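Chemist: Structure below; questions to follow.
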Amino acid sequence: MNIGTRKILDRSFTAIGFGSIIVMALALMVVVVPILTNGLGAVFFTGTVEHRKLLHEEFQRGDTQDLSSEIASSERYRAKAYAILSDFEAELERMEPEQQGKYSSKYAQVRTSLQSLLGPLPGDSPAMLTRNKYGQTRWEKAEEKLHSFLYESKWDNSNSDVMGKEYFVRRSLDFKGTSLAPLFPYVENNLENMLLPRFTVYWGFLTDSSVDSHFFGGIWPEIQGTFFLAMGAMLFAFPIGVIAAIYFTEYARPGFLNSMLRSANSTLAGVPSIVFGMFGLAFFINTLHVSESKSVLAGSLTLAIMILPTIIRAAEEAILSVPKTYREASLSLGSTKWNTILTVILPAALPGILTGGVISLGRAAGETAPIIFTAAVSVGSAIGLADIFSSPTPALSWNIYNLASEHEAAAEIRHVQYGMVLALVSIVLMLNLSAIVLRARISKKLKG
Amino acid sequence: MAAERSGESTRSNDFVLSARKRAAQKLITQFGEGVLFVLAAFVAIIVLFIFFFVARDAVPFFQIRGFSEFFTSSNWYPADDPAEFGAFAIIYGSAMVTLGSALIAVPMGVAAAICLSDILPFSIRQYAKPVIEMLAAIPSVAFGFFALVVLAPLMQNSGGALLMWVWWILVSPFLLLTVIVAADLLTNTIQDEKRRQQRYVTLVVLFGVIAIAVLLKVGAVLNGIQIITGTNALNVSIILSFMALPTIVSVSEDALQAVGRDIREGSYALGATRAETIVKTILPAASSGILAAVILGIMRALGETMVVWMASGNSSHVPEPWFNYLEAVRTLTATIAGDMGEADQVTGSARFHVLFAMGLLLLIISFISNLVSERIVVRQRKILTGQ
């Protein structure tokens with residue numbers, strides 16, 4: 001090869017390396033940015049009067065006077081829409097049976113659609129589920145609903161080679177010439193007056209419990225459950241892990257037994273997380289009977305054995321990085337080995353050990369598979385500290401899965417899902433960031 | 001004062017231990033070490049327990065149904081009567097997404113590791129490492145949510161165009177390189193400088209036209225693809241490769257660092273470029289360590305549950321044709337997670353135990369690959385330190 005080509009190859013090799021690091025950074029961005037922007041939408045959004053009504057009725061929050069004047073002003077605009085509805089219903093009564101049949105099913109669609117936009121209409125029977133008691137609480141959702149109120153969605157399947165295409169037809173065309181026709185332009189033009197959108201900051205998303213399986217309200221039970229599970233896991237794993245690390249670094253003699261123990265450690269680190277879940281079910285619940293069925297305790301124990309190898313490794317590294325001179329100085333002053341470990345080595349290694357602990361805490365908080373069979377439930381209120389031995393808890397990681405994949409109206413509550421993901425990711429990343437900062441400070445200190 | 005003086009005198013006696021005291025102290029030390037050992041051995045005990053308890057619930061399945069159905073049949077109807085437990089398609093699905101993620105993550109991860117260890121200056125490396133750690137820290141369920149809610153609809157709506165762009169962006173630089181290198185190699189033997197130049201230019205133009213034609217043709221074919229479902233093996237493979245990347249990068253970077261400076265300097269002294277040094281000298285020396293990294297990364301992808309459960313489509317069949325990554329698949333981990341809820345009310349049934357059989361399979365695979373990668377790392381360290 002001539003030298004020019006070799007140079008080009010060399011440069012492009014460098015470019016590939018840079019490229020893959022950039023791709024990795026981009027991957028991080030691509031995943032984190034939509035989670036961040038959409039997740040913030042759970043707290044900061046344009047709320048409607050329905051949202052304020054909900055807060056007042058479900059959580060007794062907000063100014064009663066302001067609210068009632070707002071409701072009154074929105075009712076004034078709604079009244080005209082309701083009047084059109086009752087006019088049309090009367091007209092429908094007078095129609096020929098044939099025409100009646102033609103209009104009534106279409107009218108039922110219009111009515112349901114308006115119901116989901118504005119809440120219960122006059123003449124409806126009282127709603128059973130909270131989700132039907134209120135109209136749209138978020139303005140962007142209201143705009144979506146307005147679209148499906150104005151347009152009927154149809155599918156074009158004429159070409160069988162390609163997938164069907166969706167297209168929209170104005171509903172008002174169906175009701176041309178009837179007394180319902182003016183309703184569509186009226187709602188389109190006056191929706192703002194009917195719903196009174198206003199920029200809202202809803203911190204309650206983090207501190208409220210959920211209403212009607214996450215249609216409304218916040219995610220406090222999940223946050224608390226995640227906290228209990230992760231803290232419980234740390235409580236078991238941290239002391240054992242640190243002690244094991246002390247043994248490995250200070251006492252263990254090289255030999256068959258020691259290499260076996262080390263192999264066991266790396267095996268444990270490589271066990272798939274779902275297998276931990278199965279083990280937790282088979283051992284802690286079905287064999288040891290630590291609780292009747294799923295419980296926070298069983299989940300914490302399962303998570304604890306999962307994070308144990310990480311803690312041991314981090315603690316080992318931290319202890320090994322304590323300079324030998326510290327140890328020798330302490331021993332030469334006549335203190336015993338155990339005394340040296342307790343008073344000299346551990347304090348010096350503590351920041352490093354804590355770093356490992358913080359990272360493991362993040363891992364325990366984010367892991368889902370081990371708690372599926374051992375601790376997590378999809379619906380439930382926040383549990384008290386006394387219940388951790390007997391009752392399962394909702395947890396962020398599990399409920400993200402549950403809301404996104406199994407919830408009956410997953411597409412309706414995307415903002416809640418995004419909010420949960422953001423809460424979980426920011427807990428975990430915050431823990432990791434603090435670990436990174438902590439480590440940077442240690443290495444600076446060790447360098448002097 | 002008197003008390004203090006007497007205290008001093010007793011203190012001075014402390015340094016001379018009586019035989020009994022010495023024995024007691026020795027006993028305490030040994031006891032303490034014993035306690036430490038037991039706690040350290042706790043991990044080993046847990047590993048044994050995991051094997052025992054998973055195997056205990058897995059064995060009844062093989063006693064009831066035997067081995068052949070589980071490994072060879074693709075009929076997975078655990079809820080039917082009579083039930084069928086053919087897990088071949090599920091094992092195949094696991095293998096498929098694992099292989100797919102490895103195909104994406106291994107080249108990228110090794111390239112990034114090389115870049116981190118040999119190319120980037122230290123100041124930039126400091127910022128690149130936290131990015132990798134962050135990627136490793138993001139919970140799997142967040143990746144799964146992203147795959148399900150963002151990536152899957154994107155693939156379904158504009159999958160063909162997306163594939164075309166990825167093809168163009170990723171492959172065009174490589175094709176360009178191939179053209180240049182091929183033209184160079186073919187004109188290498190010509191002695192006359194002027195003729196060589198002419199031949200070189202013609203070949204570059206010729207190959208260039210062919211390359212552009214290939215690029216456009218394949219791009220058009222990819223653009224025409226309609227992805228029926230966004231929750232498919234490709235989606236999962238991409239996300240799993242993000243999750244396997246950090247492991248591959250950090251472990252292979254360690255392996256590359258372990259190759260000493262002297263080897264690098266020897267290669268540079270012989271006139272090799274950096275790329276040649278890395279490809280011909282450092283990579284072979286670090287190859288076993290990189291292999292260990294790849295094994296660990298693949299294990300991460302194979303054992304991952306949430307992403308595949310949420311975004312693989314969970315349909316238990318072998319895709320048609322067998323390499324079609326655009327079809328929905330089902331994996332071992334997702335099956336365990338998904339079916340346990342329905343199965344555990346009837347503890348003792350084959351439906352419950354088959355899940356443990358799958359867990360045992362995963363456990364054995366992870367155990368073996370861990371041992372292998374550990375052996376590899378130990379051996380490499382021995383070779384490099386010259387023992």
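Ordered as shown in the structure tokens, chains take letters A, B, and onward, while each chain numbers its residues from 1 and ligands are numbered from 1 in the order shown.
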Would you give me, as a VMD selection string, the residues of chain B that come within 7 Å of chain A, using only C-alpha atoms?
Modeler: chain B and resid 36 to 37 39 to 41 43 to 44 47 50 53 to 54 108 111 to 112 114 to 115 119 131 134 to 135 137 to 142 146 181 184 to 185 188 273 to 275 303 to 306 310 333 359 363 366 to 367 370
Chemist: As number ranges by chain, please: the residues near Ser148 (chain A) (cut-off 12 Å, only C-alpha atoms, same-chain neighbours under 3 positions excluded).
Modeler: A: 109-117, 141-145, 151-154, 167-171, 184, 188
Chemist: Please produce a file of those selected residues containing N, CA and C atoms, as a tab-separated table (two decimals), in the first residue's frame.
Modeler:
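Saved result, again13.tsv, follows:
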chain	number	residue	atom	x	y	z
A	109	GLN	N	-72.29	8.71	19.04
A	109	GLN	CA	-70.83	8.92	18.94
A	109	GLN	C	-70.46	10.35	19.31
A	110	VAL	N	-71.23	11.30	18.75
A	110	VAL	CA	-70.95	12.71	19.03
A	110	VAL	C	-71.05	12.98	20.52
A	111	ARG	N	-72.07	12.41	21.12
A	111	ARG	CA	-72.31	12.64	22.53
A	111	ARG	C	-71.18	12.08	23.39
A	112	THR	N	-70.75	10.84	23.11
A	112	THR	CA	-69.65	10.25	23.88
A	112	THR	C	-68.39	11.09	23.73
A	113	SER	N	-68.19	11.54	22.50
A	113	SER	CA	-66.99	12.31	22.23
A	113	SER	C	-67.00	13.63	22.98
A	114	LEU	N	-68.18	14.26	23.03
A	114	LEU	CA	-68.29	15.52	23.78
A	114	LEU	C	-68.15	15.27	25.28
A	115	GLN	N	-68.67	14.12	25.69
A	115	GLN	CA	-68.57	13.73	27.09
A	115	GLN	C	-67.11	13.63	27.53
A	116	SER	N	-66.29	12.97	26.70
A	116	SER	CA	-64.89	12.80	27.10
A	116	SER	C	-64.17	14.14	27.05
A	117	LEU	N	-64.70	15.09	26.30
A	117	LEU	CA	-64.07	16.41	26.22
A	117	LEU	C	-64.44	17.28	27.43
A	141	LYS	N	-54.43	17.28	25.60
A	141	LYS	CA	-55.34	16.14	25.44
A	141	LYS	C	-56.70	16.64	24.94
A	142	ALA	N	-57.12	17.79	25.48
A	142	ALA	CA	-58.41	18.35	25.07
A	142	ALA	C	-58.40	18.65	23.59
A	143	GLU	N	-57.26	19.15	23.08
A	143	GLU	CA	-57.19	19.45	21.65
A	143	GLU	C	-57.30	18.19	20.82
A	144	GLU	N	-56.64	17.10	21.32
A	144	GLU	CA	-56.77	15.82	20.62
A	144	GLU	C	-58.22	15.37	20.58
A	145	LYS	N	-58.89	15.49	21.75
A	145	LYS	CA	-60.28	15.05	21.83
A	145	LYS	C	-61.17	15.93	20.94
A	151	TYR	N	-63.90	15.34	13.79
A	151	TYR	CA	-63.68	14.48	12.63
A	151	TYR	C	-63.92	13.03	12.99
A	152	GLU	N	-64.43	12.31	12.02
A	152	GLU	CA	-64.57	10.88	12.20
A	152	GLU	C	-63.41	10.22	11.48
A	153	SER	N	-62.76	9.26	12.15
A	153	SER	CA	-61.61	8.62	11.51
A	153	SER	C	-62.07	7.41	10.71
A	154	LYS	N	-61.60	7.32	9.48
A	154	LYS	CA	-61.96	6.18	8.64
A	154	LYS	C	-60.71	5.59	8.04
A	167	TYR	N	-57.95	8.28	7.22
A	167	TYR	CA	-58.30	9.63	6.79
A	167	TYR	C	-59.49	10.11	7.61
A	168	PHE	N	-59.73	11.42	7.58
A	168	PHE	CA	-60.72	12.00	8.48
A	168	PHE	C	-61.85	12.67	7.71
A	169	VAL	N	-63.05	12.49	8.24
A	169	VAL	CA	-64.23	13.12	7.64
A	169	VAL	C	-64.89	13.98	8.70
A	170	ARG	N	-65.26	15.20	8.32
A	170	ARG	CA	-65.93	16.08	9.28
A	170	ARG	C	-67.28	15.51	9.70
A	171	ARG	N	-67.53	15.43	10.99
A	171	ARG	CA	-68.81	14.92	11.45
A	171	ARG	C	-69.95	15.86	11.07
A	184	PHE	N	-70.88	22.00	16.11
A	184	PHE	CA	-69.46	21.75	15.80
A	184	PHE	C	-68.64	23.04	15.73
A	188	GLU	N	-65.77	24.21	18.49
A	188	GLU	CA	-64.43	24.48	17.97
A	188	GLU	C	-63.96	25.87	18.37
Chemist: Any idea what's packed within 9 Å of Glu84 (chain B), counting only C-alpha atoms, ignoring anything in its chain fewer than 6 positions away? Could you give it as a PyMOL selection string?
Modeler: chain B and resi 69-70+73+75-78
Chemist: Restricting the output to C-alpha atoms, write the selected residues as a JSON list (two decimals), in the first residue's frame.
Modeler:
[["chain", "number", "residue", "atom", "x", "y", "z"],
["B", 69, "GLU", "CA", -40.40, -31.67, 23.44],
["B", 70, "PHE", "CA", -38.88, -28.71, 25.28],
["B", 73, "SER", "CA", -40.89, -28.45, 19.34],
["B", 75, "ASN", "CA", -45.60, -25.40, 19.92],
["B", 76, "TRP", "CA", -45.92, -23.28, 23.01],
["B", 77, "TYR", "CA", -49.46, -23.66, 24.32],
["B", 78, "PRO", "CA", -49.01, -23.91, 28.09]]
Chemist: Give me, as CSV, each residue of region 70-159 of chain A that comes within 12 Å of region 203-213 of chain A, together with its shortest interatomic pair and the distance in Å at one decimal, counting only C-alpha atoms, with rows ordered by chain and rising residue number.
Modeler:
residue,atom,partner,partner_atom,distance
A:Met128,CA,A:Asp212,CA,10.5
A:Leu129,CA,A:Asp212,CA,7.0
A:Thr130,CA,A:Asp212,CA,5.9
A:Arg131,CA,A:Asp212,CA,6.7
A:Asn132,CA,A:Asp212,CA,10.0
A:Lys133,CA,A:Asp212,CA,10.7
A:Tyr134,CA,A:Asp212,CA,11.8
Chemist: Could you take the residues named above and write them with C-alpha atoms, as a PDB file, in the first residue's frame?
Modeler:
ATOM      1  CA  MET A 128     -69.077   5.333  38.402  1.00  0.00           C
ATOM      2  CA  LEU A 129     -65.390   5.750  37.566  1.00  0.00           C
ATOM      3  CA  THR A 130     -63.527   8.915  38.420  1.00  0.00           C
ATOM      4  CA  ARG A 131     -62.174   9.075  34.876  1.00  0.00           C
ATOM      5  CA  ASN A 132     -65.741   9.677  33.647  1.00  0.00           C
ATOM      6  CA  LYS A 133     -66.514  12.330  36.237  1.00  0.00           C
ATOM      7  CA  TYR A 134     -64.295  14.937  34.637  1.00  0.00           C
TER       8      TYR A 134
END
Chemist: Determine, counting only C-alpha atoms, which protein, DNA and RNA residues have an atom within 8 Å of an atom of region 240-254 of chain B; residues of the same chain fewer than 3 positions away are not included. Present the result as a ChimeraX atom specification.
Modeler: /A:24,27 /B:97-98,101-102,104-106,108-110,112-114,116-117,132-133,135-136,140,236-237,257-258,289-290,292-294,296-298,300-301,304,307
Chemist: May I have all residues of region 169-343 of chain A that DSSP, computed from the backbone, assigns to helix (DSSP H, G or I), given as an MDAnalysis selection string?
Modeler: chainID A and resid 171:175 183:195 204:207 220:251 256:270 273:285 296:320 324:332 337:343
